[in-house]
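Trainee: Submitted below is the structure of interest, expressed as structure tokens.
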Amino acid sequence: MSPHEVILRPVLSEKAVGGIDAGKYAFFVHPAANRTQIKDAVELVFEVEVLKINLQNVNGKEKRMGRTKGFTAKRKKAIVTLAPGQRIAQLEGLT
């Protein structure tokens, strides 16, 4: 799996954007990706040093349309902690 397939997109919630000041960035990642693949992908794509990775499996929410109900897709979220002084320039304008 290539690094660009591992990282799907950044998480832009209020809590995730607030963590950028502490050096923590959140990304939605490929469901089959493990910590080592995520670390290598972030370091290669953004050219930073990763200290720690926390993973969360996010279940889909129930959505209804009349009598019909379904679920949004399941996702995997990675919270990546960078070394002190490291920043991801592409995501700096979000704070």
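By order of appearance in the structure tokens: chains A, B, ..., then residues from 1 within every chain, and ligands from 1 in the order shown.
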Considering only C-alpha atoms, return as a PyMOL selection string whatever protein or nucleic-acid residues lie within 8 Å of segment 82-88 of chain A, sequence-local ones (same chain, fewer than 5 positions apart) excluded.
Mentor: chain A and resi 23-24+46+48-52
Trainee: Keeping only all heavy atoms, take the residues you just selected and write them out as an mmCIF file, in the first residue's frame.
Mentor:
```cif
data_model
loop_
_atom_site.group_PDB
_atom_site.id
_atom_site.type_symbol
_atom_site.label_atom_id
_atom_site.label_comp_id
_atom_site.auth_asym_id
_atom_site.auth_seq_id
_atom_site.Cartn_x
_atom_site.Cartn_y
_atom_site.Cartn_z
ATOM 1 N N GLY A 23 0.672 19.926 18.661
ATOM 2 C CA GLY A 23 1.465 19.044 17.800
ATOM 3 C C GLY A 23 0.787 17.732 17.487
ATOM 4 O O GLY A 23 1.441 16.766 17.096
ATOM 5 N N LYS A 24 -0.551 17.685 17.633
ATOM 6 C CA LYS A 24 -1.309 16.468 17.341
ATOM 7 C C LYS A 24 -2.188 16.716 16.116
ATOM 8 O O LYS A 24 -2.983 17.643 16.098
ATOM 9 C CB LYS A 24 -2.169 16.065 18.532
ATOM 10 C CG LYS A 24 -1.357 15.683 19.735
ATOM 11 C CD LYS A 24 -2.226 15.218 20.865
ATOM 12 C CE LYS A 24 -1.374 14.804 22.043
ATOM 13 N NZ LYS A 24 -2.154 14.177 23.096
ATOM 14 N N PHE A 46 4.744 14.208 4.578
ATOM 15 C CA PHE A 46 4.837 15.544 5.168
ATOM 16 C C PHE A 46 6.242 15.904 5.644
ATOM 17 O O PHE A 46 6.467 17.011 6.117
ATOM 18 C CB PHE A 46 3.846 15.675 6.336
ATOM 19 C CG PHE A 46 2.425 15.531 5.920
ATOM 20 C CD1 PHE A 46 1.679 14.432 6.293
ATOM 21 C CD2 PHE A 46 1.816 16.500 5.136
ATOM 22 C CE1 PHE A 46 0.347 14.296 5.920
ATOM 23 C CE2 PHE A 46 0.487 16.372 4.752
ATOM 24 C CZ PHE A 46 -0.237 15.269 5.143
ATOM 25 N N VAL A 48 8.131 14.971 8.332
ATOM 26 C CA VAL A 48 8.187 15.300 9.757
ATOM 27 C C VAL A 48 8.575 14.040 10.526
ATOM 28 O O VAL A 48 8.590 12.938 9.971
ATOM 29 C CB VAL A 48 6.830 15.830 10.275
ATOM 30 C CG1 VAL A 48 6.506 17.178 9.684
ATOM 31 C CG2 VAL A 48 5.716 14.838 10.027
ATOM 32 N N GLU A 49 8.876 14.198 11.827
ATOM 33 C CA GLU A 49 9.208 13.069 12.683
ATOM 34 C C GLU A 49 8.018 12.756 13.584
ATOM 35 O O GLU A 49 7.536 13.628 14.303
ATOM 36 C CB GLU A 49 10.432 13.389 13.539
ATOM 37 C CG GLU A 49 10.854 12.254 14.430
ATOM 38 C CD GLU A 49 12.008 12.628 15.342
ATOM 39 O OE1 GLU A 49 12.626 13.688 15.122
ATOM 40 O OE2 GLU A 49 12.260 11.867 16.291
ATOM 41 N N VAL A 50 7.547 11.526 13.544
ATOM 42 C CA VAL A 50 6.380 11.094 14.317
ATOM 43 C C VAL A 50 6.852 10.422 15.600
ATOM 44 O O VAL A 50 7.695 9.534 15.568
ATOM 45 C CB VAL A 50 5.510 10.120 13.491
ATOM 46 C CG1 VAL A 50 4.370 9.583 14.329
ATOM 47 C CG2 VAL A 50 4.993 10.806 12.248
ATOM 48 N N LEU A 51 6.305 10.862 16.741
ATOM 49 C CA LEU A 51 6.628 10.247 18.025
ATOM 50 C C LEU A 51 5.648 9.153 18.403
ATOM 51 O O LEU A 51 6.032 8.102 18.899
ATOM 52 C CB LEU A 51 6.624 11.303 19.142
ATOM 53 C CG LEU A 51 7.740 12.326 19.133
ATOM 54 C CD1 LEU A 51 7.600 13.241 20.340
ATOM 55 C CD2 LEU A 51 9.091 11.647 19.139
ATOM 56 N N LYS A 52 4.346 9.406 18.209
ATOM 57 C CA LYS A 52 3.320 8.497 18.704
ATOM 58 C C LYS A 52 2.106 8.517 17.791
ATOM 59 O O LYS A 52 1.807 9.541 17.176
ATOM 60 C CB LYS A 52 2.922 8.953 20.112
ATOM 61 C CG LYS A 52 1.992 8.056 20.861
ATOM 62 C CD LYS A 52 1.964 8.463 22.314
ATOM 63 C CE LYS A 52 0.628 9.045 22.657
ATOM 64 N NZ LYS A 52 0.475 9.353 24.079
#
```
Trainee: Quick one: pick out all strand (DSSP E) residues within segment 5-52 of chain A from a backbone DSSP run and write them as a JSON list (two decimals) with N, CA, C and O atoms, in the first residue's frame.
Mentor:
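What follows is the written file out.json:
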```json
[["chain", "number", "residue", "atom", "x", "y", "z"],
["A", 7, "ILE", "N", -3.05, 7.45, 3.92],
["A", 7, "ILE", "CA", -3.67, 8.67, 4.45],
["A", 7, "ILE", "C", -4.79, 9.08, 3.51],
["A", 7, "ILE", "O", -4.54, 9.42, 2.36],
["A", 8, "LEU", "N", -6.02, 9.06, 4.00],
["A", 8, "LEU", "CA", -7.15, 9.41, 3.15],
["A", 8, "LEU", "C", -7.41, 10.91, 3.14],
["A", 8, "LEU", "O", -7.52, 11.53, 2.10],
["A", 9, "ARG", "N", -7.54, 11.51, 4.35],
["A", 9, "ARG", "CA", -7.77, 12.96, 4.44],
["A", 9, "ARG", "C", -7.61, 13.38, 5.89],
["A", 9, "ARG", "O", -7.73, 12.56, 6.80],
["A", 10, "PRO", "N", -7.35, 14.68, 6.13],
["A", 10, "PRO", "CA", -7.27, 15.13, 7.51],
["A", 10, "PRO", "C", -8.66, 15.28, 8.13],
["A", 10, "PRO", "O", -9.64, 15.49, 7.42],
["A", 24, "LYS", "N", -0.55, 17.68, 17.63],
["A", 24, "LYS", "CA", -1.31, 16.47, 17.34],
["A", 24, "LYS", "C", -2.19, 16.72, 16.12],
["A", 24, "LYS", "O", -2.98, 17.64, 16.10],
["A", 25, "TYR", "N", -2.04, 15.88, 15.12],
["A", 25, "TYR", "CA", -2.79, 15.99, 13.88],
["A", 25, "TYR", "C", -3.63, 14.73, 13.71],
["A", 25, "TYR", "O", -3.16, 13.62, 13.99],
["A", 26, "ALA", "N", -4.86, 14.88, 13.25],
["A", 26, "ALA", "CA", -5.78, 13.75, 13.08],
["A", 26, "ALA", "C", -6.03, 13.51, 11.60],
["A", 26, "ALA", "O", -6.22, 14.46, 10.83],
["A", 27, "PHE", "N", -6.00, 12.25, 11.20],
["A", 27, "PHE", "CA", -6.22, 11.86, 9.81],
["A", 27, "PHE", "C", -7.17, 10.67, 9.77],
["A", 27, "PHE", "O", -7.12, 9.80, 10.65],
["A", 28, "PHE", "N", -8.01, 10.62, 8.75],
["A", 28, "PHE", "CA", -8.71, 9.39, 8.44],
["A", 28, "PHE", "C", -7.76, 8.56, 7.59],
["A", 28, "PHE", "O", -7.15, 9.07, 6.64],
["A", 29, "VAL", "N", -7.59, 7.29, 7.96],
["A", 29, "VAL", "CA", -6.63, 6.43, 7.28],
["A", 29, "VAL", "C", -7.33, 5.19, 6.74],
["A", 29, "VAL", "O", -8.48, 4.91, 7.08],
["A", 50, "VAL", "N", 7.55, 11.53, 13.54],
["A", 50, "VAL", "CA", 6.38, 11.09, 14.32],
["A", 50, "VAL", "C", 6.85, 10.42, 15.60],
["A", 50, "VAL", "O", 7.69, 9.53, 15.57],
["A", 51, "LEU", "N", 6.30, 10.86, 16.74],
["A", 51, "LEU", "CA", 6.63, 10.25, 18.02],
["A", 51, "LEU", "C", 5.65, 9.15, 18.40],
["A", 51, "LEU", "O", 6.03, 8.10, 18.90],
["A", 52, "LYS", "N", 4.35, 9.41, 18.21],
["A", 52, "LYS", "CA", 3.32, 8.50, 18.70],
["A", 52, "LYS", "C", 2.11, 8.52, 17.79],
["A", 52, "LYS", "O", 1.81, 9.54, 17.18]]
```
Trainee: Closest to Ser2 of chain A among A:Ala78, A:Ile38, A:Val17, A:Ala22, using only C-alpha atoms?
Mentor: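 Nearest to Ser2 of chain A: A:Ile38.
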Trainee: Tell me, as a PDB file with N, CA and C atoms, in the first residue's frame, which residues lie within 9 Å of Leu55 of chain A, counting only C-alpha atoms; anything in the same chain fewer than 5 positions away does not count.
Mentor:
```pdb
ATOM      1  N   ASN A  34      -1.828  -0.264   9.515  1.00  0.00           N
ATOM      2  CA  ASN A  34      -1.390  -0.404  10.897  1.00  0.00           C
ATOM      3  C   ASN A  34      -0.523   0.787  11.289  1.00  0.00           C
ATOM      4  N   ARG A  35      -0.071   0.814  12.551  1.00  0.00           N
ATOM      5  CA  ARG A  35       0.683   1.954  13.059  1.00  0.00           C
ATOM      6  C   ARG A  35       1.969   2.204  12.275  1.00  0.00           C
ATOM      7  N   LYS A  76     -11.405   4.624  10.086  1.00  0.00           N
ATOM      8  CA  LYS A  76     -10.331   4.521  11.063  1.00  0.00           C
ATOM      9  C   LYS A  76      -9.666   5.879  11.153  1.00  0.00           C
ATOM     10  N   LYS A  77      -9.490   6.363  12.394  1.00  0.00           N
ATOM     11  CA  LYS A  77      -8.900   7.672  12.613  1.00  0.00           C
ATOM     12  C   LYS A  77      -7.580   7.499  13.337  1.00  0.00           C
ATOM     13  N   ALA A  78      -6.558   8.239  12.900  1.00  0.00           N
ATOM     14  CA  ALA A  78      -5.244   8.209  13.538  1.00  0.00           C
ATOM     15  C   ALA A  78      -4.924   9.594  14.067  1.00  0.00           C
ATOM     16  N   ILE A  79      -4.559   9.671  15.349  1.00  0.00           N
ATOM     17  CA  ILE A  79      -4.082  10.916  15.926  1.00  0.00           C
ATOM     18  C   ILE A  79      -2.567  10.786  16.013  1.00  0.00           C
ATOM     19  N   VAL A  80      -1.868  11.631  15.257  1.00  0.00           N
ATOM     20  CA  VAL A  80      -0.428  11.549  15.107  1.00  0.00           C
ATOM     21  C   VAL A  80       0.216  12.659  15.935  1.00  0.00           C
TER      22      VAL A  80
END
```
Trainee: Based on DSSP run over this structure's backbone, return all residues of segment 28-92 of chain A in helix (DSSP H, G or I), as a PyMOL selection string.
Mentor: chain A and resi 35-46+89-92
Trainee: With only C-alpha atoms as the atoms that count, which of A:Val11, A:Gln90, A:Pro3, A:Gly19 lies nearest to Leu44 of chain A?
Mentor: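 Going through A:Val11, A:Gln90, A:Pro3, A:Gly19 one by one, the smallest distance to Leu44 of chain A is for A:Pro3.
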